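Q: I have a structure here, written as structure tokens, and I will follow up with some questions on it.
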Amino acid sequence: MTHNDFLSADAVILDLDAADRDQVLGALADALVQRDPELAGRRDDIYNGLVEREAQGSTGQQGVGIPHIKLSGISKVSMVVGIHKEGLDYDALDGEPVHVFFSVIRPEEGTEDHLDVLRWIAGIAGHQDFVSFARQASETGQVIDLLTELSPA
């Protein structure tokens with residue numbers, strides 16, 4: 001599995017419509033279920049897992065949130081990216097609004113693919129202009145191009 005496996009139009013929520021953290025997590029859970037047939041019927045499991053994960057400590061920092069969980073009964077990592085152009089209070093570690101959300105769901109077994117995806121996201125999120133460029137996107141293809149461009153070779 002390569003990072004390009006995650007980069008498709010159905011993996012991007014261009015205008016994430018949410019007023020708070022719970023709505024963000026709900027929208028991400030909805031998108032994951034719609035994108036991955038293996039997650040069909042698991043929306044509540046995903047949403048509750050994401051809420052529980054964020055209750056342990058925010059995954060938000062430097063304008064990026066990475067709510068992620070492991071889920072039983074699935075065979076592969078699944079991911080969606082949501083862009084909240086205005087940003088919202090996500091209880092980020094740095095106190096700043098979060099604009100870009102990467103939500104990652106992984107199987108209970110095997111951690112290497114999951115860790116590889118999180119390292120990939122961290123590398124992209126750490127780019128000084130990533131959040132600004134992502135917020136300016138007007139088409140999902142622009143987000144995909146940005147993620148591809150910022151991905152390590």
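Here's how to read the names in the structure tokens: chain A, B, ... by the order shown, residue numbers from 1 in each chain, ligand numbers from 1 in the order shown.
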Counting only C-alpha atoms, what are the residues of segment 90-145 of chain A within 9 Å of segment 17-26 of chain A, and for each of them which pair of atoms is the nearest and at what distance in Å, to one decimal? Sort the table by chain and rising number, as a tab-separated table.
A:
```
residue	atom	partner	partner_atom	distance
A:Tyr90	CA	A:Arg21	CA	5.6
A:Asp91	CA	A:Arg21	CA	8.5
A:Phe101	CA	A:Val24	CA	8.5
A:Ser103	CA	A:Leu25	CA	8.5
```
Q: Hey, what's within 7 Å of Glu96 of chain A if we count only C-alpha atoms and toss same-chain stuff fewer than 2 positions away? As a list in words, please?
A: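 Using only C-alpha atoms, the neighbours found are Gln62, Gly63, Ala92, Asp94 and Val98 of chain A.
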Q: Pick out the residues sitting within 7 Å of Ile124 of chain A, and hand them over as a list of chain:residue names; count only C-alpha atoms, and ignore anything fewer than 4 positions along from it in its own chain.
A: A:Trp120, A:Phe130, A:Leu150, A:Ser151
Q: Go through A:Leu88, A:Val117, A:Met79, A:Ile74 one by one, measure the shortest atom-to-atom distance of each to Leu39 of chain A using only C-alpha atoms, and give the residue with the smallest value.
A: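 For Leu39 of chain A, the nearest of the given residues is A:Ile74.
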Q: Could you go through chain A and tell me which residues DSSP, when run on the backbone, assigns to strand (DSSP E or B), listing them as a PyMOL selection string?
A: chain A and resi 12-13+61+64-65+68-71+78-88+98-107
Q: Write the selection just made, keeping C-alpha atoms, as an mmCIF file, in the first residue's frame?
A:
```
data_model
loop_
_atom_site.group_PDB
_atom_site.id
_atom_site.type_symbol
_atom_site.label_atom_id
_atom_site.label_comp_id
_atom_site.auth_asym_id
_atom_site.auth_seq_id
_atom_site.Cartn_x
_atom_site.Cartn_y
_atom_site.Cartn_z
ATOM 1 C CA VAL A 12 -11.249 14.635 0.532
ATOM 2 C CA ILE A 13 -13.933 16.748 2.192
ATOM 3 C CA GLN A 61 -1.598 21.153 16.616
ATOM 4 C CA VAL A 64 -3.840 20.095 11.771
ATOM 5 C CA GLY A 65 -5.846 17.433 13.612
ATOM 6 C CA HIS A 68 -7.181 8.133 14.505
ATOM 7 C CA ILE A 69 -8.319 4.820 15.962
ATOM 8 C CA LYS A 70 -7.961 1.097 15.582
ATOM 9 C CA LEU A 71 -11.094 -0.875 14.756
ATOM 10 C CA SER A 78 -8.520 3.826 5.617
ATOM 11 C CA MET A 79 -8.186 7.610 5.640
ATOM 12 C CA VAL A 80 -10.045 10.802 4.785
ATOM 13 C CA VAL A 81 -8.919 14.430 4.782
ATOM 14 C CA GLY A 82 -11.242 17.293 5.715
ATOM 15 C CA ILE A 83 -10.580 20.987 5.175
ATOM 16 C CA HIS A 84 -12.326 23.479 7.486
ATOM 17 C CA LYS A 85 -11.430 26.771 5.810
ATOM 18 C CA GLU A 86 -12.357 29.036 8.733
ATOM 19 C CA GLY A 87 -10.798 26.760 11.326
ATOM 20 C CA LEU A 88 -12.357 25.815 14.614
ATOM 21 C CA VAL A 98 -7.548 23.560 13.377
ATOM 22 C CA HIS A 99 -8.198 23.740 9.629
ATOM 23 C CA VAL A 100 -7.123 20.363 8.239
ATOM 24 C CA PHE A 101 -8.164 16.984 9.595
ATOM 25 C CA PHE A 102 -6.696 13.619 8.665
ATOM 26 C CA SER A 103 -8.795 10.783 10.083
ATOM 27 C CA VAL A 104 -7.164 7.361 10.001
ATOM 28 C CA ILE A 105 -8.805 4.039 10.840
ATOM 29 C CA ARG A 106 -6.616 0.969 11.163
ATOM 30 C CA PRO A 107 -7.100 -2.711 11.931
#
```
Q: Between A:Pro67, A:His114, A:Leu146, A:Gly73, which residue has the minimum interatomic distance to Ala40 of chain A, considering only C-alpha atoms?
A: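 With only C-alpha atoms as the atom set, the closest residue is A:Gly73.
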Q: For a test of reading the model, state the distance in Å between atom CA of Asp30 of chain A and atom CA of Ser8 of chain A, rounded to one decimal.
A: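 Taking atom CA of Asp30 of chain A and atom CA of Ser8 of chain A, their separation equals 16.3 Å.
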Q: So, counting only C-alpha atoms, which residue among A:Leu115, A:Asp15, A:Leu7, A:Ala29 is closest to Ser138 of chain A?
A: A:Asp15
Q: Enter the distance from atom CA of Ser72 of chain A to atom CA of Ile46 of chain A, in Å, rounded to one decimal.
A: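 Separation of atom CA of Ser72 of chain A and atom CA of Ile46 of chain A: 10.5 Å.
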Q: Rounded to one decimal, what separation in Å do you get between atom CA of Ser58 of chain A and atom CA of Ile121 of chain A?
A: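 Result for atom CA of Ser58 of chain A versus atom CA of Ile121 of chain A: 15.9 Å, one decimal.
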Q: Which of these residues is nearest to Glu38 of chain A, using only C-alpha atoms: A:Val77, A:Leu16, A:Val51, A:Ile66?
A: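 Ranking A:Val77, A:Leu16, A:Val51, A:Ile66 by distance to Glu38 of chain A, first place goes to A:Val77.
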